[in-house]
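One file, start_20.cif, is given below (mmCIF, C-alpha atoms, pLDDT in the B column; chains and numbers go by the auth columns).
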```cif
data_run
loop_
_atom_site.group_PDB
_atom_site.id
_atom_site.type_symbol
_atom_site.label_atom_id
_atom_site.label_comp_id
_atom_site.label_asym_id
_atom_site.label_seq_id
_atom_site.Cartn_x
_atom_site.Cartn_y
_atom_site.Cartn_z
_atom_site.B_iso_or_equiv
_atom_site.auth_seq_id
_atom_site.auth_asym_id
ATOM 1 C CA MET A 1 0.000 0.000 0.000 56.00 48 D
ATOM 2 C CA THR A 2 1.581 3.251 -1.052 55.00 49 D
ATOM 3 C CA ASP A 3 1.567 6.211 1.253 51.00 50 D
ATOM 4 C CA PHE A 4 2.200 8.908 -1.357 56.00 51 D
ATOM 5 C CA ASP A 5 -0.104 11.277 0.521 63.00 52 D
ATOM 6 C CA HIS A 6 1.389 10.584 3.946 65.00 53 D
ATOM 7 C CA GLY A 7 3.051 13.531 5.595 72.00 54 D
ATOM 8 C CA PRO A 8 4.164 14.605 9.049 80.00 55 D
ATOM 9 C CA ASP A 9 0.640 15.809 9.900 87.00 56 D
ATOM 10 C CA ARG A 10 -1.214 12.747 8.525 93.00 57 D
ATOM 11 C CA PRO A 11 -1.204 9.134 9.672 95.00 58 D
ATOM 12 C CA SER A 12 -0.051 6.508 7.211 96.00 59 D
ATOM 13 C CA TRP A 13 -2.744 4.219 5.801 97.00 60 D
ATOM 14 C CA HIS A 14 -1.578 1.476 8.171 97.00 61 D
ATOM 15 C CA GLU A 15 -1.822 3.837 11.159 97.00 62 D
ATOM 16 C CA TYR A 16 -5.221 5.042 9.976 97.00 63 D
ATOM 17 C CA PHE A 17 -6.772 1.594 9.548 98.00 64 D
ATOM 18 C CA MET A 18 -5.178 0.183 12.710 98.00 65 D
ATOM 19 C CA GLY A 19 -6.433 3.214 14.635 97.00 66 D
ATOM 20 C CA ILE A 20 -9.926 2.411 13.401 98.00 67 D
ATOM 21 C CA CYS A 21 -9.429 -1.190 14.591 98.00 68 D
ATOM 22 C CA ASP A 22 -8.546 0.135 18.046 98.00 69 D
ATOM 23 C CA LEU A 23 -11.683 2.289 18.058 98.00 70 D
ATOM 24 C CA VAL A 24 -13.863 -0.637 16.920 98.00 71 D
ATOM 25 C CA ALA A 25 -12.342 -2.839 19.652 98.00 72 D
ATOM 26 C CA GLY A 26 -13.741 -0.383 22.187 97.00 73 D
ATOM 27 C CA ARG A 27 -17.231 -1.776 21.387 96.00 74 D
ATOM 28 C CA SER A 28 -16.190 -5.277 22.477 95.00 75 D
ATOM 29 C CA THR A 29 -18.242 -6.920 25.213 92.00 76 D
ATOM 30 C CA CYS A 30 -15.561 -9.517 25.996 90.00 77 D
ATOM 31 C CA THR A 31 -14.256 -9.329 29.541 89.00 78 D
ATOM 32 C CA ARG A 32 -10.903 -10.958 28.668 87.00 79 D
ATOM 33 C CA ARG A 33 -9.657 -9.319 25.448 90.00 80 D
ATOM 34 C CA LYS A 34 -10.926 -6.483 23.264 95.00 81 D
ATOM 35 C CA VAL A 35 -10.345 -7.088 19.563 97.00 82 D
ATOM 36 C CA GLY A 36 -11.309 -4.996 16.554 98.00 83 D
ATOM 37 C CA ALA A 37 -11.124 -5.798 12.833 98.00 84 D
ATOM 38 C CA VAL A 38 -11.669 -3.802 9.640 98.00 85 D
ATOM 39 C CA LEU A 39 -11.961 -5.144 6.090 98.00 86 D
ATOM 40 C CA ILE A 40 -10.408 -2.870 3.442 98.00 87 D
ATOM 41 C CA LYS A 41 -10.370 -2.838 -0.326 98.00 88 D
ATOM 42 C CA GLU A 42 -8.684 -0.138 -2.404 97.00 89 D
ATOM 43 C CA LYS A 43 -8.211 2.027 0.718 97.00 90 D
ATOM 44 C CA ARG A 44 -11.960 1.895 1.428 97.00 91 D
ATOM 45 C CA ILE A 45 -13.574 0.378 4.525 98.00 92 D
ATOM 46 C CA LEU A 46 -15.907 -2.471 3.620 98.00 93 D
ATOM 47 C CA CYS A 47 -16.968 -3.590 7.080 98.00 94 D
ATOM 48 C CA SER A 48 -15.828 -3.796 10.681 98.00 95 D
ATOM 49 C CA GLY A 49 -16.291 -6.162 13.593 98.00 96 D
ATOM 50 C CA TYR A 50 -15.463 -6.576 17.254 97.00 97 D
ATOM 51 C CA ASN A 51 -15.588 -9.585 19.540 96.00 98 D
ATOM 52 C CA GLY A 52 -18.774 -10.123 21.472 94.00 99 D
ATOM 53 C CA ALA A 53 -21.949 -12.177 21.762 92.00 100 D
ATOM 54 C CA PRO A 54 -24.216 -12.573 18.726 93.00 101 D
ATOM 55 C CA ALA A 55 -26.958 -9.986 18.201 91.00 102 D
ATOM 56 C CA LYS A 56 -29.899 -10.376 20.596 93.00 103 D
ATOM 57 C CA VAL A 57 -27.857 -12.661 22.885 92.00 104 D
ATOM 58 C CA ARG A 58 -26.789 -11.534 26.350 91.00 105 D
ATOM 59 C CA HIS A 59 -23.093 -10.768 26.462 88.00 106 D
ATOM 60 C CA CYS A 60 -20.408 -11.759 28.937 87.00 107 D
ATOM 61 C CA ARG A 61 -20.591 -8.509 30.883 87.00 108 D
ATOM 62 C CA GLU A 62 -24.103 -9.636 31.874 90.00 109 D
ATOM 63 C CA THR A 63 -23.603 -13.396 32.180 90.00 110 D
ATOM 64 C CA GLY A 64 -19.963 -13.616 33.221 88.00 111 D
ATOM 65 C CA CYS A 65 -17.211 -15.218 31.193 88.00 112 D
ATOM 66 C CA LEU A 66 -17.657 -18.966 30.806 88.00 113 D
ATOM 67 C CA ARG A 67 -14.007 -19.386 29.815 87.00 114 D
ATOM 68 C CA SER A 68 -12.856 -17.651 33.003 88.00 115 D
ATOM 69 C CA GLN A 69 -15.284 -19.658 35.112 89.00 116 D
ATOM 70 C CA LEU A 70 -13.881 -22.907 33.629 90.00 117 D
ATOM 71 C CA ASN A 71 -10.238 -21.688 33.779 89.00 118 D
ATOM 72 C CA VAL A 72 -9.794 -22.217 30.018 88.00 119 D
ATOM 73 C CA PRO A 73 -6.374 -20.908 28.903 85.00 120 D
ATOM 74 C CA SER A 74 -6.190 -18.312 26.145 80.00 121 D
ATOM 75 C CA GLY A 75 -6.069 -19.877 22.686 77.00 122 D
ATOM 76 C CA GLU A 76 -7.768 -23.141 23.696 82.00 123 D
ATOM 77 C CA LYS A 77 -11.323 -24.474 23.334 84.00 124 D
ATOM 78 C CA HIS A 78 -12.709 -21.498 21.410 81.00 125 D
ATOM 79 C CA GLU A 79 -16.076 -23.240 21.262 83.00 126 D
ATOM 80 C CA LEU A 80 -16.506 -22.631 25.006 84.00 127 D
ATOM 81 C CA CYS A 81 -17.359 -18.981 24.503 87.00 128 D
ATOM 82 C CA ARG A 82 -20.556 -17.124 23.709 87.00 129 D
ATOM 83 C CA GLY A 83 -18.580 -14.508 21.782 90.00 130 D
ATOM 84 C CA VAL A 84 -17.952 -14.192 18.071 95.00 131 D
ATOM 85 C CA HIS A 85 -14.439 -13.082 17.135 95.00 132 D
ATOM 86 C CA ALA A 86 -13.879 -9.653 15.564 97.00 133 D
ATOM 87 C CA GLU A 87 -12.635 -11.132 12.281 98.00 134 D
ATOM 88 C CA GLN A 88 -15.685 -13.418 12.098 97.00 135 D
ATOM 89 C CA ASN A 89 -18.034 -10.524 12.828 97.00 136 D
ATOM 90 C CA ALA A 90 -16.479 -8.389 10.081 98.00 137 D
ATOM 91 C CA ILE A 91 -16.868 -11.203 7.530 98.00 138 D
ATOM 92 C CA VAL A 92 -20.408 -12.062 8.681 97.00 139 D
ATOM 93 C CA GLN A 93 -21.496 -8.401 8.625 97.00 140 D
ATOM 94 C CA ALA A 94 -20.163 -8.064 5.083 98.00 141 D
ATOM 95 C CA ALA A 95 -22.117 -11.168 4.022 97.00 142 D
ATOM 96 C CA TYR A 96 -25.255 -9.947 5.816 97.00 143 D
ATOM 97 C CA HIS A 97 -25.111 -6.666 3.882 97.00 144 D
ATOM 98 C CA GLY A 98 -24.075 -8.226 0.549 98.00 145 D
ATOM 99 C CA ILE A 99 -20.555 -6.806 0.490 98.00 146 D
ATOM 100 C CA ARG A 100 -17.970 -8.807 -1.468 97.00 147 D
ATOM 101 C CA VAL A 101 -14.734 -9.316 0.468 98.00 148 D
ATOM 102 C CA ASN A 102 -12.849 -11.484 -2.037 98.00 149 D
ATOM 103 C CA GLY A 103 -9.440 -9.893 -2.630 98.00 150 D
ATOM 104 C CA SER A 104 -9.718 -7.595 0.386 98.00 151 D
ATOM 105 C CA THR A 105 -7.287 -6.883 3.218 98.00 152 D
ATOM 106 C CA LEU A 106 -8.033 -7.370 6.907 98.00 153 D
ATOM 107 C CA TYR A 107 -6.626 -5.161 9.632 98.00 154 D
ATOM 108 C CA CYS A 108 -6.963 -6.597 13.130 98.00 155 D
ATOM 109 C CA THR A 109 -5.706 -5.656 16.553 97.00 156 D
ATOM 110 C CA ASN A 110 -4.572 -9.261 17.136 96.00 157 D
ATOM 111 C CA GLN A 111 -3.222 -12.087 15.003 96.00 158 D
ATOM 112 C CA PRO A 112 -6.196 -14.261 14.018 96.00 159 D
ATOM 113 C CA CYS A 113 -6.755 -17.647 15.647 93.00 160 D
ATOM 114 C CA SER A 114 -6.975 -20.783 13.505 93.00 161 D
ATOM 115 C CA ILE A 115 -10.797 -20.689 13.428 93.00 162 D
ATOM 116 C CA CYS A 116 -10.750 -17.143 12.055 96.00 163 D
ATOM 117 C CA ALA A 117 -7.902 -18.079 9.701 97.00 164 D
ATOM 118 C CA LYS A 118 -10.143 -20.701 8.055 97.00 165 D
ATOM 119 C CA MET A 119 -12.838 -18.094 7.469 98.00 166 D
ATOM 120 C CA ILE A 120 -10.312 -15.568 6.180 98.00 167 D
ATOM 121 C CA VAL A 121 -8.924 -18.073 3.667 98.00 168 D
ATOM 122 C CA ASN A 122 -12.372 -19.161 2.461 98.00 169 D
ATOM 123 C CA ALA A 123 -13.598 -15.553 2.204 98.00 170 D
ATOM 124 C CA GLY A 124 -10.763 -14.813 -0.245 98.00 171 D
ATOM 125 C CA ILE A 125 -9.024 -12.256 1.965 98.00 172 D
ATOM 126 C CA LYS A 126 -5.474 -11.909 0.639 98.00 173 D
ATOM 127 C CA LYS A 127 -3.600 -9.971 3.315 98.00 174 D
ATOM 128 C CA VAL A 128 -3.863 -9.602 7.092 98.00 175 D
ATOM 129 C CA TYR A 129 -2.189 -6.835 9.085 98.00 176 D
ATOM 130 C CA TYR A 130 -2.161 -7.132 12.854 97.00 177 D
ATOM 131 C CA LYS A 131 -0.628 -5.335 15.804 95.00 178 D
ATOM 132 C CA ASP A 132 -0.375 -7.803 18.690 89.00 179 D
ATOM 133 C CA GLY A 133 0.702 -11.432 18.638 80.00 180 D
ATOM 134 C CA TYR A 134 -1.490 -14.406 19.371 76.00 181 D
ATOM 135 C CA ASP A 135 0.485 -17.621 19.101 78.00 182 D
ATOM 136 C CA ASP A 136 -1.310 -20.027 16.804 87.00 183 D
ATOM 137 C CA ALA A 137 0.999 -22.164 14.682 92.00 184 D
ATOM 138 C CA LEU A 138 -1.944 -23.575 12.723 94.00 185 D
ATOM 139 C CA THR A 139 -2.891 -20.061 11.578 95.00 186 D
ATOM 140 C CA LEU A 140 0.638 -19.517 10.264 96.00 187 D
ATOM 141 C CA GLU A 141 0.618 -22.861 8.446 97.00 188 D
ATOM 142 C CA MET A 142 -2.807 -22.345 6.849 97.00 189 D
ATOM 143 C CA PHE A 143 -2.025 -18.793 5.727 98.00 190 D
ATOM 144 C CA LYS A 144 1.262 -19.945 4.216 98.00 191 D
ATOM 145 C CA GLN A 145 -0.409 -22.803 2.298 98.00 192 D
ATOM 146 C CA ALA A 146 -3.284 -20.587 1.124 98.00 193 D
ATOM 147 C CA GLY A 147 -1.046 -17.670 0.114 98.00 194 D
ATOM 148 C CA VAL A 148 -2.471 -15.200 2.647 98.00 195 D
ATOM 149 C CA ASP A 149 0.134 -12.617 3.672 98.00 196 D
ATOM 150 C CA LEU A 150 0.310 -12.097 7.439 97.00 197 D
ATOM 151 C CA ILE A 151 2.138 -8.926 8.425 97.00 198 D
ATOM 152 C CA ARG A 152 2.747 -7.599 11.930 96.00 199 D
ATOM 153 C CA LEU A 153 2.723 -3.820 12.133 96.00 200 D
ATOM 154 C CA LYS A 154 4.913 -2.105 14.675 92.00 201 D
ATOM 155 C CA ILE A 155 2.752 0.941 15.230 84.00 202 D
#
```

What does this structure look like when you write it as structure tokens?
Amino acid sequence: MTDFDHGPDRPSWHEYFMGICDLVAGRSTCTRRKVGAVLIKEKRILCSGYNGAPAKVRHCRETGCLRSQLNVPSGEKHELCRGVHAEQNAIVQAAYHGIRVNGSTLYCTNQPCSICAKMIVNAGIKKVYYKDGYDDALTLEMFKQAGVDLIRLKI
């Protein structure tokens, strides 16, 4: 992504989109980790998502965190959570509104887990930028095999 219009008084495109991810993450209802994601194509925002319970379902701030109650370590047993991940929500919202994401780029506050990686690959997303690590070797392997670029930004 070229930053030909980036100057000392303007954020780069990476800073801009990652800043939006941070803002989106502020809507998260997860009590353990706030994550935001934004789908981009041709420097235009297609859709965004944050982690939290599905629409019309009580969220963890009301019910308590099942994963915490069961002492489930981070990165394990994702199915034991009422929340939908930010990356999943961005993809689902795009589908819900009829927005094509094939060939798009995903910005996310955290490296996607392997469940999100599967959705990213099948949605045709070609590049993922993230800020914070989230160790998941399977994500790295799947992205490599599928030709999805995974790039950590040091912003």

May I have the residues within 8 Å of D:Gly130 as a short mmCIF file (atom, residue, chain, number, x, y, z; two decimals) with C-alpha atoms, keeping the file's coordinate frame, using all atoms listed in the file and disregarding those fewer than 3 positions away in the same chain?
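Done, and the output landed in selection.cif:
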```cif
data_model
loop_
_atom_site.label_atom_id
_atom_site.label_comp_id
_atom_site.auth_asym_id
_atom_site.auth_seq_id
_atom_site.Cartn_x
_atom_site.Cartn_y
_atom_site.Cartn_z
CA CYS D 77 -15.56 -9.52 26.00
CA ASN D 98 -15.59 -9.59 19.54
CA GLY D 99 -18.77 -10.12 21.47
CA ALA D 100 -21.95 -12.18 21.76
CA PRO D 101 -24.22 -12.57 18.73
CA HIS D 106 -23.09 -10.77 26.46
CA CYS D 107 -20.41 -11.76 28.94
#
```

Selection result of the PyMOL selection byres ((chain D and resi 80-84) around 9) on this file, as a PyMOL selection string
chain D and resi 65+67-79+85-86+94-99+132-137+153-157

Would you mind telling me which residue in D:Thr152, D:Ser59, D:Thr110, D:Asn118 lies nearest to D:Lys88 when using all atoms listed in the file?
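Closest residue, counting all atoms listed in the file: D:Thr152.
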
Shell of 8 Å around stretch 122-128 of chain D, only C-alpha atoms, local chain residues under 4 positions omitted, as a PyMOL selection string
chain D and resi 112-114+160+181-183

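Comparing D:Lys173, D:Pro120, D:Arg129, D:Asp196 by their smallest distance to D:Arg108, the closest is D:Arg129 (using all atoms listed in the file).
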
Quick check, in Å to one decimal: how far apart do atom CA of D:Pro55 and atom CA of D:Lys90 lie?
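Going from atom CA of D:Pro55 over to atom CA of D:Lys90 covers 19.5 Å.
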
Closest of D:Lys165, D:Lys201, D:Arg57, D:His144 to D:Lys178 - atom-to-atom distances counting all atoms listed in the file
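Nearest to D:Lys178: D:Lys201.
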
Two-atom distance - atom CA of D:Gln158, atom CA of D:Ile146 (Å)
23.2 Å

Return as a ChimeraX atom specification the set of residues that the PyMOL selection byres ((chain D and resi 149) around 10) yields on the displayed structure.
/D:88,146-148,150-152,167-173

List the neighbours of D:Ala184 out to 12 Å using only C-alpha atoms; skip same-chain residues closer than 3 positions along the sequence, and give me the result as an MDAnalysis selection string.
chainID D and resid 122 158:162 164 180:181 187:191

Restricting it to C-alpha atoms, dump the selection as a compact mmCIF listing (two decimals), in the frame of the given file.
```txt
# COMPACT_ATOMS: atom_id res chain seq x y z
CA GLY D 122 -6.07 -19.88 22.69
CA GLN D 158 -3.22 -12.09 15.00
CA PRO D 159 -6.20 -14.26 14.02
CA CYS D 160 -6.76 -17.65 15.65
CA SER D 161 -6.98 -20.78 13.50
CA ILE D 162 -10.80 -20.69 13.43
CA ALA D 164 -7.90 -18.08 9.70
CA GLY D 180 0.70 -11.43 18.64
CA TYR D 181 -1.49 -14.41 19.37
CA LEU D 187 0.64 -19.52 10.26
CA GLU D 188 0.62 -22.86 8.45
CA MET D 189 -2.81 -22.34 6.85
CA PHE D 190 -2.02 -18.79 5.73
CA LYS D 191 1.26 -19.94 4.22
```

Between atom CA of D:Leu200 and atom CA of D:Tyr176, what distance in Å does the model show, to one decimal?
6.5 Å

Which residue out of D:Tyr143, D:Glu89, D:Glu62, D:Val131 has the minimum interatomic distance to D:Val104 when only C-alpha atoms are used?
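Of D:Tyr143, D:Glu89, D:Glu62, D:Val131, the one nearest D:Val104, counting only C-alpha atoms, is D:Val131.
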
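If you measure from each of D:Pro58, D:Leu93, D:Ser121, D:Gly194 to D:Ala142 using all atoms listed in the file, the closest one turns out to be D:Leu93.
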
Please, can stretch 160-192 of chain D be completed to N, CA and C atoms and returned as an mmCIF file, in the frame of the given file?
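Listed below is the output, result_16.cif:
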```cif
data_model
loop_
_atom_site.group_PDB
_atom_site.id
_atom_site.type_symbol
_atom_site.label_atom_id
_atom_site.label_comp_id
_atom_site.auth_asym_id
_atom_site.auth_seq_id
_atom_site.Cartn_x
_atom_site.Cartn_y
_atom_site.Cartn_z
ATOM 1 N N CYS D 160 -6.864 -16.255 15.203
ATOM 2 C CA CYS D 160 -6.755 -17.647 15.647
ATOM 3 C C CYS D 160 -6.990 -18.553 14.441
ATOM 4 N N SER D 161 -6.822 -19.838 14.620
ATOM 5 C CA SER D 161 -6.975 -20.783 13.505
ATOM 6 C C SER D 161 -8.415 -20.868 13.002
ATOM 7 N N ILE D 162 -9.396 -20.672 13.871
ATOM 8 C CA ILE D 162 -10.797 -20.689 13.428
ATOM 9 C C ILE D 162 -11.047 -19.501 12.504
ATOM 10 N N CYS D 163 -10.591 -18.329 12.902
ATOM 11 C CA CYS D 163 -10.750 -17.143 12.055
ATOM 12 C C CYS D 163 -9.930 -17.277 10.772
ATOM 13 N N ALA D 164 -8.757 -17.888 10.874
ATOM 14 C CA ALA D 164 -7.902 -18.079 9.701
ATOM 15 C C ALA D 164 -8.635 -18.883 8.626
ATOM 16 N N LYS D 165 -9.375 -19.895 9.026
ATOM 17 C CA LYS D 165 -10.143 -20.701 8.055
ATOM 18 C C LYS D 165 -11.161 -19.834 7.331
ATOM 19 N N MET D 166 -11.844 -18.979 8.083
ATOM 20 C CA MET D 166 -12.838 -18.094 7.469
ATOM 21 C C MET D 166 -12.176 -17.069 6.543
ATOM 22 N N ILE D 167 -11.050 -16.554 6.970
ATOM 23 C CA ILE D 167 -10.312 -15.568 6.180
ATOM 24 C C ILE D 167 -9.888 -16.176 4.841
ATOM 25 N N VAL D 168 -9.346 -17.380 4.887
ATOM 26 C CA VAL D 168 -8.924 -18.073 3.667
ATOM 27 C C VAL D 168 -10.124 -18.297 2.753
ATOM 28 N N ASN D 169 -11.209 -18.844 3.293
ATOM 29 C CA ASN D 169 -12.372 -19.161 2.461
ATOM 30 C C ASN D 169 -13.113 -17.925 1.968
ATOM 31 N N ALA D 170 -12.966 -16.790 2.652
ATOM 32 C CA ALA D 170 -13.598 -15.553 2.204
ATOM 33 C C ALA D 170 -12.803 -14.885 1.084
ATOM 34 N N GLY D 171 -11.582 -15.376 0.830
ATOM 35 C CA GLY D 171 -10.763 -14.813 -0.245
ATOM 36 C C GLY D 171 -9.977 -13.585 0.164
ATOM 37 N N ILE D 172 -9.818 -13.379 1.474
ATOM 38 C CA ILE D 172 -9.024 -12.256 1.965
ATOM 39 C C ILE D 172 -7.562 -12.575 1.698
ATOM 40 N N LYS D 173 -6.827 -11.644 1.127
ATOM 41 C CA LYS D 173 -5.474 -11.909 0.639
ATOM 42 C C LYS D 173 -4.360 -11.467 1.575
ATOM 43 N N LYS D 174 -4.651 -10.516 2.464
ATOM 44 C CA LYS D 174 -3.600 -9.971 3.315
ATOM 45 C C LYS D 174 -4.195 -9.640 4.672
ATOM 46 N N VAL D 175 -3.432 -9.917 5.731
ATOM 47 C CA VAL D 175 -3.863 -9.602 7.092
ATOM 48 C C VAL D 175 -2.750 -8.826 7.785
ATOM 49 N N TYR D 176 -3.091 -7.631 8.262
ATOM 50 C CA TYR D 176 -2.189 -6.835 9.085
ATOM 51 C C TYR D 176 -2.689 -6.910 10.519
ATOM 52 N N TYR D 177 -1.770 -7.084 11.448
ATOM 53 C CA TYR D 177 -2.161 -7.132 12.854
ATOM 54 C C TYR D 177 -1.122 -6.417 13.692
ATOM 55 N N LYS D 178 -1.503 -6.086 14.921
ATOM 56 C CA LYS D 178 -0.628 -5.335 15.804
ATOM 57 C C LYS D 178 -0.024 -6.220 16.890
ATOM 58 N N ASP D 179 -0.843 -6.998 17.567
ATOM 59 C CA ASP D 179 -0.375 -7.803 18.690
ATOM 60 C C ASP D 179 -0.379 -9.284 18.336
ATOM 61 N N GLY D 180 0.582 -10.007 18.900
ATOM 62 C CA GLY D 180 0.702 -11.432 18.638
ATOM 63 C C GLY D 180 -0.357 -12.259 19.332
ATOM 64 N N TYR D 181 -0.564 -13.434 18.814
ATOM 65 C CA TYR D 181 -1.490 -14.406 19.371
ATOM 66 C C TYR D 181 -1.000 -15.737 18.835
ATOM 67 N N ASP D 182 -0.171 -16.417 19.605
ATOM 68 C CA ASP D 182 0.485 -17.621 19.101
ATOM 69 C C ASP D 182 -0.512 -18.678 18.648
ATOM 70 N N ASP D 183 -0.497 -18.963 17.367
ATOM 71 C CA ASP D 183 -1.310 -20.027 16.804
ATOM 72 C C ASP D 183 -0.577 -20.543 15.568
ATOM 73 N N ALA D 184 0.185 -21.598 15.762
ATOM 74 C CA ALA D 184 0.999 -22.164 14.682
ATOM 75 C C ALA D 184 0.137 -22.626 13.508
ATOM 76 N N LEU D 185 -1.064 -23.105 13.793
ATOM 77 C CA LEU D 185 -1.944 -23.575 12.723
ATOM 78 C C LEU D 185 -2.362 -22.417 11.813
ATOM 79 N N THR D 186 -2.586 -21.242 12.387
ATOM 80 C CA THR D 186 -2.891 -20.061 11.578
ATOM 81 C C THR D 186 -1.751 -19.788 10.599
ATOM 82 N N LEU D 187 -0.528 -19.788 11.114
ATOM 83 C CA LEU D 187 0.638 -19.517 10.264
ATOM 84 C C LEU D 187 0.736 -20.530 9.133
ATOM 85 N N GLU D 188 0.532 -21.795 9.456
ATOM 86 C CA GLU D 188 0.618 -22.861 8.446
ATOM 87 C C GLU D 188 -0.466 -22.712 7.383
ATOM 88 N N MET D 189 -1.708 -22.480 7.816
ATOM 89 C CA MET D 189 -2.807 -22.345 6.849
ATOM 90 C C MET D 189 -2.624 -21.123 5.959
ATOM 91 N N PHE D 190 -2.240 -19.990 6.539
ATOM 92 C CA PHE D 190 -2.025 -18.793 5.727
ATOM 93 C C PHE D 190 -0.915 -19.015 4.712
ATOM 94 N N LYS D 191 0.152 -19.679 5.142
ATOM 95 C CA LYS D 191 1.262 -19.945 4.216
ATOM 96 C C LYS D 191 0.790 -20.811 3.052
ATOM 97 N N GLN D 192 0.073 -21.898 3.348
ATOM 98 C CA GLN D 192 -0.409 -22.803 2.298
ATOM 99 C C GLN D 192 -1.394 -22.108 1.361
#
```
